[in-house]
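Engineer: Here you go, this is start29.cif (mmCIF, C-alpha atoms and all ligand atoms).
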```cif
data_start
loop_
_atom_site.label_atom_id
_atom_site.label_comp_id
_atom_site.auth_asym_id
_atom_site.auth_seq_id
_atom_site.Cartn_x
_atom_site.Cartn_y
_atom_site.Cartn_z
CA MET A 25 1.92 -26.17 3.04
CA GLN A 26 3.32 -24.58 -0.14
CA THR A 27 4.57 -21.00 -0.14
CA ILE A 28 3.31 -18.51 -2.69
CA LEU A 29 4.92 -15.11 -3.17
CA ILE A 30 2.68 -12.44 -4.69
CA THR A 31 3.88 -9.03 -5.90
CA GLY A 32 1.71 -5.91 -6.00
CA ALA A 33 -0.03 -6.81 -2.71
CA ASN A 34 -1.38 -3.28 -2.27
CA GLY A 35 -2.88 -3.42 -5.76
CA PHE A 36 -6.38 -4.32 -6.83
CA ILE A 37 -6.03 -7.80 -8.37
CA ALA A 38 -3.35 -9.11 -5.99
CA SER A 39 -5.45 -8.20 -2.96
CA TYR A 40 -8.23 -10.54 -4.14
CA LEU A 41 -5.80 -13.30 -5.04
CA ILE A 42 -4.07 -13.08 -1.65
CA LYS A 43 -7.39 -13.52 0.10
CA ILE A 44 -8.29 -16.76 -1.70
CA ALA A 45 -4.72 -18.13 -1.78
CA ALA A 46 -4.49 -17.81 2.02
CA ASN A 47 -7.04 -20.63 2.41
CA GLU A 48 -4.46 -23.14 1.18
CA PHE A 49 -1.02 -21.56 1.01
CA LYS A 50 1.43 -19.65 3.12
CA VAL A 51 1.22 -16.30 1.33
CA ILE A 52 4.11 -13.85 1.17
CA ALA A 53 2.31 -10.68 0.16
CA THR A 54 4.93 -8.23 -1.11
CA GLY A 55 4.24 -4.57 -1.78
CA LYS A 56 6.04 -1.29 -2.19
CA GLY A 57 5.97 0.65 1.06
CA LEU A 58 3.72 -0.09 3.98
CA ASN A 59 0.93 -2.66 4.03
CA LYS A 60 -2.12 -0.70 2.89
CA LYS A 61 -4.54 -3.62 3.22
CA ILE A 62 -4.72 -5.21 6.63
CA PHE A 63 -5.05 -8.90 5.79
CA SER A 64 -6.56 -10.93 8.58
CA SER A 65 -5.43 -14.54 7.86
CA GLU A 66 -2.57 -16.01 9.87
CA ASN A 67 -1.31 -17.56 6.61
CA ILE A 68 -0.37 -14.12 5.24
CA VAL A 69 2.97 -12.42 5.84
CA TYR A 70 3.48 -8.92 4.45
CA GLU A 71 6.96 -8.02 3.20
CA GLN A 72 7.96 -4.62 1.88
CA LEU A 73 9.62 -5.15 -1.48
CA ASP A 74 10.35 -2.62 -4.19
CA PHE A 75 10.95 -5.04 -7.04
CA THR A 76 13.11 -2.62 -8.99
CA SER A 77 15.88 -3.67 -6.57
CA GLU A 78 17.43 -7.01 -7.57
CA LYS A 79 19.25 -7.22 -4.25
CA ASP A 80 16.03 -6.82 -2.25
CA ILE A 81 14.28 -9.45 -4.40
CA GLU A 82 17.11 -11.93 -3.76
CA ALA A 83 16.91 -11.34 0.00
CA VAL A 84 13.14 -11.96 0.13
CA PHE A 85 13.42 -15.09 -2.06
CA GLN A 86 16.25 -16.47 0.10
CA LYS A 87 14.14 -15.89 3.20
CA TYR A 88 10.94 -17.59 1.93
CA LYS A 89 12.03 -19.94 -0.94
CA PRO A 90 8.65 -19.69 -2.70
CA ASP A 91 7.16 -22.69 -4.55
CA ILE A 92 4.98 -20.36 -6.60
CA VAL A 93 5.39 -16.73 -7.66
CA VAL A 94 2.55 -14.56 -8.98
CA HIS A 95 3.91 -11.33 -10.43
CA ALA A 96 0.89 -9.01 -10.33
CA GLY A 97 2.70 -5.77 -9.48
CA ALA A 98 3.36 -3.30 -12.28
CA MET A 99 3.34 0.29 -13.38
CA SER A 100 -0.19 -0.27 -14.59
CA LYS A 101 -1.41 3.12 -15.81
CA PRO A 102 -0.72 3.50 -19.55
CA ASP A 103 -0.39 7.30 -19.35
CA ASP A 104 2.22 7.07 -16.56
CA CYS A 105 4.23 4.62 -18.67
CA GLU A 106 4.07 6.88 -21.72
CA ILE A 107 5.23 9.91 -19.70
CA ASN A 108 8.04 8.12 -17.86
CA LYS A 109 9.37 5.43 -20.18
CA PRO A 110 12.64 4.69 -18.31
CA LEU A 111 10.72 4.03 -15.08
CA ALA A 112 8.13 1.95 -16.94
CA PHE A 113 10.91 -0.17 -18.47
CA GLN A 114 12.62 -0.65 -15.13
CA THR A 115 9.36 -1.47 -13.32
CA ASN A 116 7.66 -3.67 -15.89
CA VAL A 117 10.54 -5.31 -17.80
CA LYS A 118 13.76 -5.28 -15.76
CA SER A 119 11.94 -6.19 -12.54
CA THR A 120 10.29 -9.18 -14.23
CA GLU A 121 13.76 -10.31 -15.30
CA TYR A 122 15.04 -9.97 -11.70
CA LEU A 123 12.05 -11.89 -10.32
CA LEU A 124 12.52 -14.66 -12.91
CA ASN A 125 16.21 -14.98 -11.99
CA ALA A 126 15.38 -15.28 -8.30
CA ALA A 127 12.50 -17.70 -8.97
CA GLY A 128 14.82 -19.89 -11.07
CA THR A 129 17.00 -20.55 -8.01
CA PHE A 130 14.03 -22.32 -6.38
CA LYS A 131 12.44 -23.67 -9.61
CA SER A 132 9.29 -21.80 -8.60
CA PHE A 133 6.18 -21.92 -10.78
CA PHE A 134 6.12 -18.37 -12.25
CA ILE A 135 2.82 -16.71 -13.12
CA PHE A 136 2.79 -13.34 -14.87
CA LEU A 137 -0.19 -11.01 -15.18
CA SER A 138 -0.42 -9.40 -18.61
CA THR A 139 -2.89 -7.39 -20.62
CA ASP A 140 -5.07 -6.98 -23.71
CA PHE A 141 -2.95 -3.87 -24.42
CA ILE A 142 -0.30 -6.07 -26.08
CA PHE A 143 -2.74 -6.13 -29.06
CA ASP A 144 -3.37 -3.24 -31.45
CA GLY A 145 -7.16 -3.28 -31.17
CA GLU A 146 -7.83 -3.71 -34.90
CA LYS A 147 -9.35 -7.19 -34.74
CA GLY A 148 -10.93 -7.63 -31.30
CA MET A 149 -11.93 -10.82 -29.45
CA TYR A 150 -8.33 -11.97 -29.33
CA GLN A 151 -7.16 -15.55 -28.87
CA GLU A 152 -3.94 -16.50 -27.13
CA GLU A 153 -1.97 -17.06 -30.34
CA ASP A 154 -3.06 -13.87 -32.11
CA GLU A 155 -0.32 -11.52 -33.22
CA SER A 156 0.71 -8.86 -30.69
CA ASN A 157 1.34 -5.26 -31.74
CA PRO A 158 1.04 -2.78 -28.85
CA VAL A 159 0.01 0.81 -29.60
CA ASN A 160 1.43 2.30 -26.39
CA TYR A 161 4.49 1.95 -24.18
CA TYR A 162 2.64 0.18 -21.36
CA GLY A 163 1.68 -2.56 -23.85
CA GLU A 164 5.25 -2.68 -25.15
CA THR A 165 6.69 -3.19 -21.66
CA LYS A 166 4.18 -5.93 -20.83
CA LEU A 167 4.99 -7.69 -24.11
CA LEU A 168 8.75 -7.47 -23.45
CA ALA A 169 8.14 -8.92 -19.98
CA GLU A 170 6.09 -11.75 -21.53
CA SER A 171 9.12 -12.64 -23.71
CA GLU A 172 11.27 -12.89 -20.58
CA VAL A 173 8.71 -15.19 -18.95
CA LYS A 174 8.57 -17.44 -22.05
CA ASN A 175 12.35 -17.99 -21.70
CA TYR A 176 12.05 -19.15 -18.07
CA ALA A 177 13.53 -22.62 -17.68
CA TYR A 178 10.85 -23.95 -15.30
CA ASP A 179 7.04 -23.92 -15.20
CA TRP A 180 5.42 -20.63 -16.22
CA SER A 181 2.08 -19.23 -17.14
CA ILE A 182 1.09 -15.87 -18.63
CA ILE A 183 -2.41 -14.71 -17.77
CA ARG A 184 -3.75 -11.85 -19.86
CA THR A 185 -6.81 -9.97 -18.72
CA VAL A 186 -9.06 -7.05 -19.77
CA LEU A 187 -10.43 -4.01 -17.88
CA VAL A 188 -10.84 -5.52 -14.42
CA TYR A 189 -13.62 -4.20 -12.17
CA GLY A 190 -15.10 -4.91 -8.74
CA ASN A 191 -15.10 -3.44 -5.27
CA PRO A 192 -11.65 -1.84 -4.93
CA GLY A 193 -11.52 -2.09 -1.12
CA SER A 194 -9.02 0.50 0.00
CA GLY A 195 -7.28 0.39 -3.40
CA ARG A 196 -7.38 2.30 -6.63
CA ASP A 197 -10.71 3.00 -8.35
CA ASN A 198 -11.69 1.03 -11.42
CA ILE A 199 -13.99 2.24 -14.17
CA LEU A 200 -17.23 1.38 -12.36
CA THR A 201 -16.30 2.94 -9.02
CA MET A 202 -14.76 5.97 -10.75
CA VAL A 203 -18.04 6.63 -12.60
CA ALA A 204 -20.10 6.05 -9.44
CA GLY A 205 -17.87 8.48 -7.50
CA ALA A 206 -18.30 11.23 -10.11
CA LEU A 207 -22.07 10.77 -10.37
CA LYS A 208 -22.46 10.88 -6.59
CA LYS A 209 -20.79 14.30 -6.63
CA ASN A 210 -23.05 15.35 -9.53
CA LYS A 211 -20.00 15.73 -11.76
CA GLU A 212 -19.93 15.18 -15.52
CA VAL A 213 -17.86 12.23 -16.64
CA LYS A 214 -16.39 11.79 -20.13
CA ILE A 215 -16.24 8.16 -21.27
CA PHE A 216 -15.10 6.50 -24.50
CA ASP A 217 -17.67 4.94 -26.76
CA ASP A 218 -15.28 3.89 -29.52
CA GLN A 219 -13.45 1.26 -27.47
CA VAL A 220 -14.68 -2.30 -27.08
CA ARG A 221 -13.79 -4.55 -24.15
CA THR A 222 -14.84 -7.75 -22.36
CA PRO A 223 -14.70 -6.42 -18.77
CA THR A 224 -13.50 -8.85 -16.12
CA TYR A 225 -14.99 -9.28 -12.67
CA VAL A 226 -12.05 -9.37 -10.25
CA GLU A 227 -13.22 -12.42 -8.28
CA ASP A 228 -13.63 -14.46 -11.50
CA LEU A 229 -10.07 -13.54 -12.43
CA ALA A 230 -8.71 -14.43 -8.98
CA ARG A 231 -10.44 -17.84 -9.18
CA GLY A 232 -9.01 -18.40 -12.67
CA ILE A 233 -5.49 -17.62 -11.46
CA LYS A 234 -6.00 -20.00 -8.52
CA THR A 235 -7.04 -22.81 -10.90
CA ILE A 236 -3.86 -22.29 -12.94
CA ILE A 237 -1.83 -22.50 -9.72
CA ASP A 238 -3.66 -25.67 -8.60
CA LYS A 239 -3.27 -27.41 -11.96
CA ARG A 240 0.24 -26.02 -12.49
CA ILE A 241 -0.64 -25.44 -16.13
CA ASN A 242 1.95 -23.87 -18.41
CA GLY A 243 1.24 -21.50 -21.27
CA ILE A 244 -0.74 -18.38 -22.11
CA PHE A 245 -4.33 -17.90 -20.96
CA HIS A 246 -6.90 -15.24 -21.73
CA LEU A 247 -9.11 -14.64 -18.68
CA SER A 248 -11.82 -12.00 -18.99
CA GLY A 249 -15.59 -11.63 -18.87
CA LYS A 250 -17.75 -12.65 -21.83
CA ASP A 251 -20.01 -9.65 -22.30
CA VAL A 252 -18.81 -7.20 -24.93
CA LEU A 253 -19.28 -3.53 -23.97
CA THR A 254 -17.87 -0.08 -24.57
CA PRO A 255 -16.74 1.90 -21.49
CA TYR A 256 -19.68 4.26 -22.18
CA GLU A 257 -22.12 1.36 -22.02
CA MET A 258 -20.55 0.27 -18.72
CA ALA A 259 -20.90 3.79 -17.30
CA VAL A 260 -24.57 4.02 -18.30
CA ALA A 261 -25.18 0.61 -16.68
CA VAL A 262 -23.64 1.96 -13.45
CA ALA A 263 -25.88 5.05 -13.49
CA ARG A 264 -28.99 2.93 -14.07
CA PHE A 265 -28.01 0.38 -11.42
CA LEU A 266 -27.38 3.09 -8.81
CA GLN A 267 -30.33 5.15 -10.05
CA MET A 268 -28.18 8.19 -10.71
CA ASN A 269 -28.29 10.83 -13.44
CA GLU A 270 -27.03 9.17 -16.64
CA ASN A 271 -27.16 12.53 -18.47
CA LEU A 272 -23.92 13.38 -16.66
CA ILE A 273 -22.14 10.72 -18.73
CA ILE A 274 -20.69 12.26 -21.89
CA LYS A 275 -19.72 10.03 -24.82
CA VAL A 276 -16.26 10.77 -26.23
CA THR A 277 -14.08 9.20 -28.91
CA GLU A 278 -10.31 8.99 -29.35
CA LYS A 279 -10.50 12.03 -31.66
CA ASP A 280 -12.27 14.27 -29.08
CA PHE A 281 -10.18 13.37 -26.08
CA GLN A 282 -6.42 12.95 -26.43
CA GLN A 283 -4.52 11.07 -23.73
CA PRO A 284 -0.73 10.71 -23.42
CA ALA A 285 -0.98 6.99 -24.32
CA ARG A 286 -3.09 5.75 -27.23
CA ARG A 287 -5.51 2.94 -26.39
CA PRO A 288 -6.23 -0.09 -28.59
CA LEU A 289 -9.77 0.42 -29.86
CA LYS A 290 -11.28 -3.03 -30.12
CA THR A 291 -9.90 -5.62 -27.72
CA GLY A 292 -11.88 -8.20 -25.72
CA PHE A 293 -10.93 -11.84 -25.39
CA ASP A 294 -12.08 -15.15 -26.72
CA ILE A 295 -11.88 -17.21 -23.51
CA SER A 296 -12.65 -20.63 -25.00
CA LYS A 297 -9.18 -22.01 -24.16
CA ALA A 298 -9.66 -21.12 -20.47
CA GLU A 299 -13.18 -22.54 -20.48
CA ALA A 300 -12.00 -25.83 -21.99
CA THR A 301 -8.73 -26.23 -20.05
CA LEU A 302 -9.54 -24.66 -16.69
CA ASN A 303 -13.33 -24.97 -16.56
CA TYR A 304 -13.15 -21.19 -16.23
CA THR A 305 -16.56 -19.58 -15.78
CA THR A 306 -17.54 -15.95 -15.43
CA ILE A 307 -20.52 -14.05 -14.16
CA SER A 308 -22.37 -11.65 -16.46
CA PHE A 309 -21.58 -7.93 -16.44
CA ALA A 310 -25.02 -7.31 -14.86
CA GLU A 311 -24.20 -9.70 -12.02
CA GLY A 312 -20.69 -8.19 -11.67
CA LEU A 313 -22.27 -4.75 -11.31
CA PHE A 314 -24.42 -6.07 -8.50
CA GLN A 315 -21.42 -7.73 -6.80
CA THR A 316 -19.33 -4.56 -7.10
CA PHE A 317 -21.80 -2.30 -5.38
CA SER A 318 -23.34 -4.71 -2.89
CA LYS A 319 -20.22 -6.21 -1.31
CA GLU A 320 -19.56 -5.06 2.18
CA ILE A 321 -16.60 -7.26 2.99
CA LEU A 322 -13.57 -6.05 1.09
CA PRO A 323 -10.19 -7.72 0.70
CA GLY A 324 -8.06 -7.08 3.68
CA GLU A 325 -10.91 -5.84 5.85
N1 LIG B 1 -6.70 -3.71 -13.67
C1 LIG B 1 -6.83 -3.99 -14.96
O1 LIG B 1 -7.83 -3.62 -15.60
C2 LIG B 1 -5.77 -4.80 -15.67
C3 LIG B 1 -6.00 -5.18 -17.00
C4 LIG B 1 -5.03 -5.93 -17.66
C5 LIG B 1 -3.87 -6.29 -17.01
N2 LIG B 1 -3.65 -5.90 -15.72
C6 LIG B 1 -2.38 -6.30 -15.08
O2 LIG B 1 -2.69 -6.92 -13.86
C7 LIG B 1 -1.69 -6.62 -12.88
C8 LIG B 1 -2.34 -6.07 -11.63
O3 LIG B 1 -3.12 -4.92 -11.97
P1 LIG B 1 -3.91 -4.07 -10.87
O4 LIG B 1 -5.12 -3.53 -11.52
O5 LIG B 1 -4.04 -4.85 -9.63
O6 LIG B 1 -2.89 -2.87 -10.70
P2 LIG B 1 -2.67 -1.91 -9.46
O7 LIG B 1 -3.87 -1.84 -8.61
O8 LIG B 1 -2.08 -0.67 -10.03
O9 LIG B 1 -1.54 -2.70 -8.65
C9 LIG B 1 -0.21 -2.75 -9.07
C10 LIG B 1 0.64 -2.72 -7.82
O10 LIG B 1 2.02 -2.80 -8.22
C11 LIG B 1 2.74 -2.04 -7.30
N3 LIG B 1 4.06 -1.61 -7.76
C12 LIG B 1 4.37 -0.71 -8.73
N4 LIG B 1 5.70 -0.56 -8.79
C13 LIG B 1 6.24 -1.36 -7.83
C14 LIG B 1 7.57 -1.62 -7.40
N5 LIG B 1 8.60 -1.01 -7.95
N6 LIG B 1 7.74 -2.49 -6.39
C15 LIG B 1 6.70 -3.10 -5.81
N7 LIG B 1 5.42 -2.91 -6.16
C16 LIG B 1 5.20 -2.03 -7.17
C17 LIG B 1 1.87 -0.82 -7.04
O11 LIG B 1 2.29 -0.23 -5.84
P3 LIG B 1 1.73 1.17 -5.32
O12 LIG B 1 0.34 0.84 -4.83
O13 LIG B 1 2.65 1.55 -4.24
O14 LIG B 1 1.73 2.06 -6.53
C18 LIG B 1 0.48 -1.43 -7.00
O15 LIG B 1 0.10 -1.73 -5.68
C19 LIG B 1 -0.71 -5.67 -13.56
O16 LIG B 1 0.38 -6.43 -14.00
C20 LIG B 1 -1.47 -5.12 -14.74
O17 LIG B 1 -0.58 -4.83 -15.80
C21 LIG B 1 -4.58 -5.16 -15.04
#
```
Could the structure of this file be written out as C-alpha cells, please?
Structural biologist:
Amino acid sequence: MQTILITGANGFIASYLIKIAANEFKVIATGKGLNKKIFSSENIVYEQLDFTSEKDIEAVFQKYKPDIVVHAGAMSKPDDCEINKPLAFQTNVKSTEYLLNAAGTFKSFFIFLSTDFIFDGEKGMYQEEDESNPVNYYGETKLLAESEVKNYAYDWSIIRTVLVYGNPGSGRDNILTMVAGALKKNKEVKIFDDQVRTPTYVEDLARGIKTIIDKRINGIFHLSGKDVLTPYEMAVAVARFLQMNENLIIKVTEKDFQQPARRPLKTGFDISKAEATLNYTTISFAEGLFQTFSKEILPGE
C-alpha cells in the first residue's frame, strides 16, 4: 500500500481528500496542533506538524517516507495574509520550499493546491496557461509557491481551484454555510455582486485530486465547478433553498465595502483540460447546494 502525506488535515479540503484517500492508501494526515477531525479509518495516522519548521518536516518525512505528498495546508484567508505578510510568506512560500526539499529525498509525487487568486480578475474563465498577475498578497504567495513546485526535480502537479463550498464538518465555514448561519440568526449579510466565480463543490474537487494521484499526471490543472455566479447570486440561492428571508442579503460592490486585501473581480475557470485529461466531471451549483445542506455524515465523523 502506498503512503500519502497530506498537509492541512484540519482544513476543509484536506479533510475530504483524506476520507477518500484512506480507501486505498496509508494516509499520514498532518495538521497544526491537535487532531480536530476524528477520522475513523484504520488507514489514517494523524501527525502534528507545523510546516513552518523545516526540522519537524524532515522528522515526519523520515518516519513515513511518503510516496505522494498533497500540500493543502496554507494561510488561506487573503485578509490575514495582507495584514501579516511575513507570516504569510513563511507559511505559504518558505514552507512549500521545505516540503519540496523533504519530498525530493523520497522522490515523492508532489501535489500543490493553488488558487484563482493568482489571476488579476480582468479576463475571467481562466485557462491553465493564462498570464498570472495577483492583486493581493495571498495570491502573490501562492504564485511564488507555484514557482517552487515547478522547479521540483520529480513528478509534480499544481491544482488550482475556485471558491470551494460544501458541508464544512467541524471546520471553517464557507460562503454557503456562512450565509445560512447569518440568515438563521435573522442577521443581515453583505455580499459582493461585482465578483464572478465558478464555485467548486468540495467532493468534486477531492475526486479530481484523487484522479491526478491515480494517474500520476504532471502539470497544472484547473478544477472548479462550471456554473458562473456572483457571491450574491450564491447567497440568494441559499436563502431560497433553505426558505429563509432573502431580503436580509445586501448586495455590495468593491467600492462600498473595503477589505484589507483586494479581490480579483472576474475569475472562474475553463475546466476543459481537466475534462479531457482526467474525465473530470462536476455537479451543478443547484445539486451542490442540495448536497451541502442535506449531508449528515461529515468528514471525520
Ligand atoms: N477553500 C477555497 O475556496 C480555496 C480556493 C482556492 C484555493 N484554495 C487552497 O486550497 C488549500 C486548502 O484550502 P482550505 O479551504 O481547505 O483551507 P483551510 O480550511 O483554511 O485549511 C488550511 C489548513 O492549513 C493549516 N495550516 C496553516 N498554517 C499551518 C502551519 N504552519 N502548519 C500546519 N498547518 C497549517 C490550517 O491550520 P489551522 O486549522 O490550525 O489554522 C488549516 O487547517 C489551500 O492551499 C488554499 O490556498 C482554497
Engineer: Can you work out which residues are within 6 Å of ligand LIG 1 (chain B), considering all atoms listed in the file, and then hand them over as JSON, numbers by chain?
Structural biologist: {"A": [32, 33, 34, 35, 36, 37, 38, 55, 56, 73, 74, 75, 76, 96, 97, 98, 99, 100, 115, 137, 138, 139, 185, 186, 187, 188, 196]}
Engineer: I'd like to know which of A:Tyr256, A:Phe317, A:Tyr225, A:Tyr150 is closest to Phe293 of chain A, using only C-alpha atoms.
Structural biologist: A:Tyr150
Engineer: Which one of A:Val252, A:Val69, A:Ile244, A:Ala285 sits closest to Lys87 of chain A if you count only C-alpha atoms?
Structural biologist: A:Val69
Engineer: Could you check which of A:Leu124, A:Met258, A:Ala45, A:Val213 is closest to Ala177 of chain A, using all atoms listed in the file?
Structural biologist: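 Of A:Leu124, A:Met258, A:Ala45, A:Val213, the one nearest Ala177 of chain A is A:Leu124, counting all atoms listed in the file.
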Engineer: Restricting the calculation to all atoms listed in the file: of A:Pro284, A:Met202, A:Ile81, A:Ser181, which residue gets closest to Lys109 of chain A?
Structural biologist: A:Pro284
Engineer: Within 12 Å of Tyr176 of chain A, counting all atoms listed in the file, which residues qualify if same-chain residues fewer than 5 places away don't, as a ChimeraX atom specification?
Structural biologist: /A:120-129,131-136,169-171,181-182,242-243
Engineer: Write the selection just made, keeping C-alpha atoms, as a compact mmCIF listing (two decimals), in the coordinates of the input?
Structural biologist:
```
# COMPACT_ATOMS: atom_id res chain seq x y z
CA THR A 120 10.29 -9.18 -14.23
CA GLU A 121 13.76 -10.31 -15.30
CA TYR A 122 15.04 -9.97 -11.70
CA LEU A 123 12.05 -11.89 -10.32
CA LEU A 124 12.52 -14.66 -12.91
CA ASN A 125 16.21 -14.98 -11.99
CA ALA A 126 15.38 -15.28 -8.30
CA ALA A 127 12.50 -17.70 -8.97
CA GLY A 128 14.82 -19.89 -11.07
CA THR A 129 17.00 -20.55 -8.01
CA LYS A 131 12.44 -23.67 -9.61
CA SER A 132 9.29 -21.80 -8.60
CA PHE A 133 6.18 -21.92 -10.78
CA PHE A 134 6.12 -18.37 -12.25
CA ILE A 135 2.82 -16.71 -13.12
CA PHE A 136 2.79 -13.34 -14.87
CA ALA A 169 8.14 -8.92 -19.98
CA GLU A 170 6.09 -11.75 -21.53
CA SER A 171 9.12 -12.64 -23.71
CA SER A 181 2.08 -19.23 -17.14
CA ILE A 182 1.09 -15.87 -18.63
CA ASN A 242 1.95 -23.87 -18.41
CA GLY A 243 1.24 -21.50 -21.27
```
Engineer: Might you pull out every residue within 8 Å of Pro90 of chain A, with only C-alpha atoms counted and same-chain residues fewer than 3 positions away left off, and present them as a list of chain:residue names?
Structural biologist: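 Neighbouring residues, sequence-local ones excluded: A:Gln26, A:Thr27, A:Ile28, A:Leu29, A:Phe85, A:Val93, A:Ala127, A:Phe130, A:Ser132.
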Engineer: Determine, counting only C-alpha atoms, which protein, DNA and RNA residues have an atom within 9 Å of an atom of Pro158 of chain A; residues of the same chain fewer than 6 positions away are not included. Present the result as a list in words.
Structural biologist: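 Residues meeting the cut-off are Phe141, Ile142, Phe143, Asp144, Gly145, Glu164, Leu167 and Pro288 of chain A.
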Engineer: Go through A:Asn269, A:Thr316, A:Asn175, A:Thr222 and flag the residue nearest Tyr189 of chain A, using all atoms listed in the file for the distances.
Structural biologist: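 Counting all atoms listed in the file, the residue closest to Tyr189 of chain A is A:Thr316.
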Engineer: Do you have the atom CA of Asn210 of chain A-atom CA of Asp103 of chain A distance handy?
Structural biologist: 26.0 Å
Engineer: Which residues are close to Val203 of chain A, i.e. within 12 Å by all atoms listed in the file, leaving aside same-chain residues fewer than 4 positions away? Reply as a PyMOL selection string.
Structural biologist: chain A and resi 189+197-199+207-215+255-266+268-270+272-274
Engineer: For those residues, write C-alpha atoms to a file as a PDB file, in the coordinates of the input.
Structural biologist:
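Output saved as out-v8.pdb:
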```pdb
ATOM      1  CA  TYR A 189     -13.620  -4.200 -12.170  1.00  0.00           C
ATOM      2  CA  ASP A 197     -10.710   3.000  -8.350  1.00  0.00           C
ATOM      3  CA  ASN A 198     -11.690   1.030 -11.420  1.00  0.00           C
ATOM      4  CA  ILE A 199     -13.990   2.240 -14.170  1.00  0.00           C
ATOM      5  CA  LEU A 207     -22.070  10.770 -10.370  1.00  0.00           C
ATOM      6  CA  LYS A 208     -22.460  10.880  -6.590  1.00  0.00           C
ATOM      7  CA  LYS A 209     -20.790  14.300  -6.630  1.00  0.00           C
ATOM      8  CA  ASN A 210     -23.050  15.350  -9.530  1.00  0.00           C
ATOM      9  CA  LYS A 211     -20.000  15.730 -11.760  1.00  0.00           C
ATOM     10  CA  GLU A 212     -19.930  15.180 -15.520  1.00  0.00           C
ATOM     11  CA  VAL A 213     -17.860  12.230 -16.640  1.00  0.00           C
ATOM     12  CA  LYS A 214     -16.390  11.790 -20.130  1.00  0.00           C
ATOM     13  CA  ILE A 215     -16.240   8.160 -21.270  1.00  0.00           C
ATOM     14  CA  PRO A 255     -16.740   1.900 -21.490  1.00  0.00           C
ATOM     15  CA  TYR A 256     -19.680   4.260 -22.180  1.00  0.00           C
ATOM     16  CA  GLU A 257     -22.120   1.360 -22.020  1.00  0.00           C
ATOM     17  CA  MET A 258     -20.550   0.270 -18.720  1.00  0.00           C
ATOM     18  CA  ALA A 259     -20.900   3.790 -17.300  1.00  0.00           C
ATOM     19  CA  VAL A 260     -24.570   4.020 -18.300  1.00  0.00           C
ATOM     20  CA  ALA A 261     -25.180   0.610 -16.680  1.00  0.00           C
ATOM     21  CA  VAL A 262     -23.640   1.960 -13.450  1.00  0.00           C
ATOM     22  CA  ALA A 263     -25.880   5.050 -13.490  1.00  0.00           C
ATOM     23  CA  ARG A 264     -28.990   2.930 -14.070  1.00  0.00           C
ATOM     24  CA  PHE A 265     -28.010   0.380 -11.420  1.00  0.00           C
ATOM     25  CA  LEU A 266     -27.380   3.090  -8.810  1.00  0.00           C
ATOM     26  CA  MET A 268     -28.180   8.190 -10.710  1.00  0.00           C
ATOM     27  CA  ASN A 269     -28.290  10.830 -13.440  1.00  0.00           C
ATOM     28  CA  GLU A 270     -27.030   9.170 -16.640  1.00  0.00           C
ATOM     29  CA  LEU A 272     -23.920  13.380 -16.660  1.00  0.00           C
ATOM     30  CA  ILE A 273     -22.140  10.720 -18.730  1.00  0.00           C
ATOM     31  CA  ILE A 274     -20.690  12.260 -21.890  1.00  0.00           C
TER      32      ILE A 274
END
```
Engineer: How far is it from atom CA of Ser296 of chain A to atom CA of Leu247 of chain A, in Å with one decimal?
Structural biologist: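 The value is 9.4 Å.
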Engineer: Hey, can you pull every residue with an atom no more than 10 Å from (11.2, 0.2, -18.5), using only C-alpha atoms, and send it as an mmCIF file with C-alpha atoms, in the coordinates of the input?
Structural biologist:
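Once everything was written out, this is selection-v8.cif:
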```cif
data_model
loop_
_atom_site.group_PDB
_atom_site.id
_atom_site.type_symbol
_atom_site.label_atom_id
_atom_site.label_comp_id
_atom_site.auth_asym_id
_atom_site.auth_seq_id
_atom_site.Cartn_x
_atom_site.Cartn_y
_atom_site.Cartn_z
ATOM 1 C CA MET A 99 3.340 0.290 -13.380
ATOM 2 C CA CYS A 105 4.230 4.620 -18.670
ATOM 3 C CA ASN A 108 8.040 8.120 -17.860
ATOM 4 C CA LYS A 109 9.370 5.430 -20.180
ATOM 5 C CA PRO A 110 12.640 4.690 -18.310
ATOM 6 C CA LEU A 111 10.720 4.030 -15.080
ATOM 7 C CA ALA A 112 8.130 1.950 -16.940
ATOM 8 C CA PHE A 113 10.910 -0.170 -18.470
ATOM 9 C CA GLN A 114 12.620 -0.650 -15.130
ATOM 10 C CA THR A 115 9.360 -1.470 -13.320
ATOM 11 C CA ASN A 116 7.660 -3.670 -15.890
ATOM 12 C CA VAL A 117 10.540 -5.310 -17.800
ATOM 13 C CA LYS A 118 13.760 -5.280 -15.760
ATOM 14 C CA SER A 119 11.940 -6.190 -12.540
ATOM 15 C CA TYR A 161 4.490 1.950 -24.180
ATOM 16 C CA TYR A 162 2.640 0.180 -21.360
ATOM 17 C CA GLU A 164 5.250 -2.680 -25.150
ATOM 18 C CA THR A 165 6.690 -3.190 -21.660
ATOM 19 C CA LYS A 166 4.180 -5.930 -20.830
ATOM 20 C CA LEU A 168 8.750 -7.470 -23.450
ATOM 21 C CA ALA A 169 8.140 -8.920 -19.980
#
```
Engineer: Using only C-alpha atoms, can you tell me which of A:Tyr70, A:Lys101, A:Ser39, A:Leu313 comes closest to Thr201 of chain A?
Structural biologist: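 Nearest candidate to Thr201 of chain A out of A:Tyr70, A:Lys101, A:Ser39, A:Leu313: A:Leu313.
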Engineer: As an exercise, work out the distance from atom CA of Lys234 of chain A to atom CA of Ala310 of chain A in Å and give it to one decimal place.
Structural biologist: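 These atoms are spaced 23.7 Å apart.
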Engineer: Fewer than 2 positions away in the same chain doesn't count, so skip those; otherwise give me all residues within 10 Å of Gly312 of chain A, counting only C-alpha atoms, as number ranges by chain.
Structural biologist: A: 189-191, 223-228, 249, 306-310, 314-318
Engineer: Could the residues in this selection be saved with C-alpha atoms as a compact mmCIF listing (two decimals), in the frame of the given file?
Structural biologist:
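Once everything was written out, this is again-v4.txt:
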```
# COMPACT_ATOMS: atom_id res chain seq x y z
CA TYR A 189 -13.62 -4.20 -12.17
CA GLY A 190 -15.10 -4.91 -8.74
CA ASN A 191 -15.10 -3.44 -5.27
CA PRO A 223 -14.70 -6.42 -18.77
CA THR A 224 -13.50 -8.85 -16.12
CA TYR A 225 -14.99 -9.28 -12.67
CA VAL A 226 -12.05 -9.37 -10.25
CA GLU A 227 -13.22 -12.42 -8.28
CA ASP A 228 -13.63 -14.46 -11.50
CA GLY A 249 -15.59 -11.63 -18.87
CA THR A 306 -17.54 -15.95 -15.43
CA ILE A 307 -20.52 -14.05 -14.16
CA SER A 308 -22.37 -11.65 -16.46
CA PHE A 309 -21.58 -7.93 -16.44
CA ALA A 310 -25.02 -7.31 -14.86
CA PHE A 314 -24.42 -6.07 -8.50
CA GLN A 315 -21.42 -7.73 -6.80
CA THR A 316 -19.33 -4.56 -7.10
CA PHE A 317 -21.80 -2.30 -5.38
CA SER A 318 -23.34 -4.71 -2.89
```
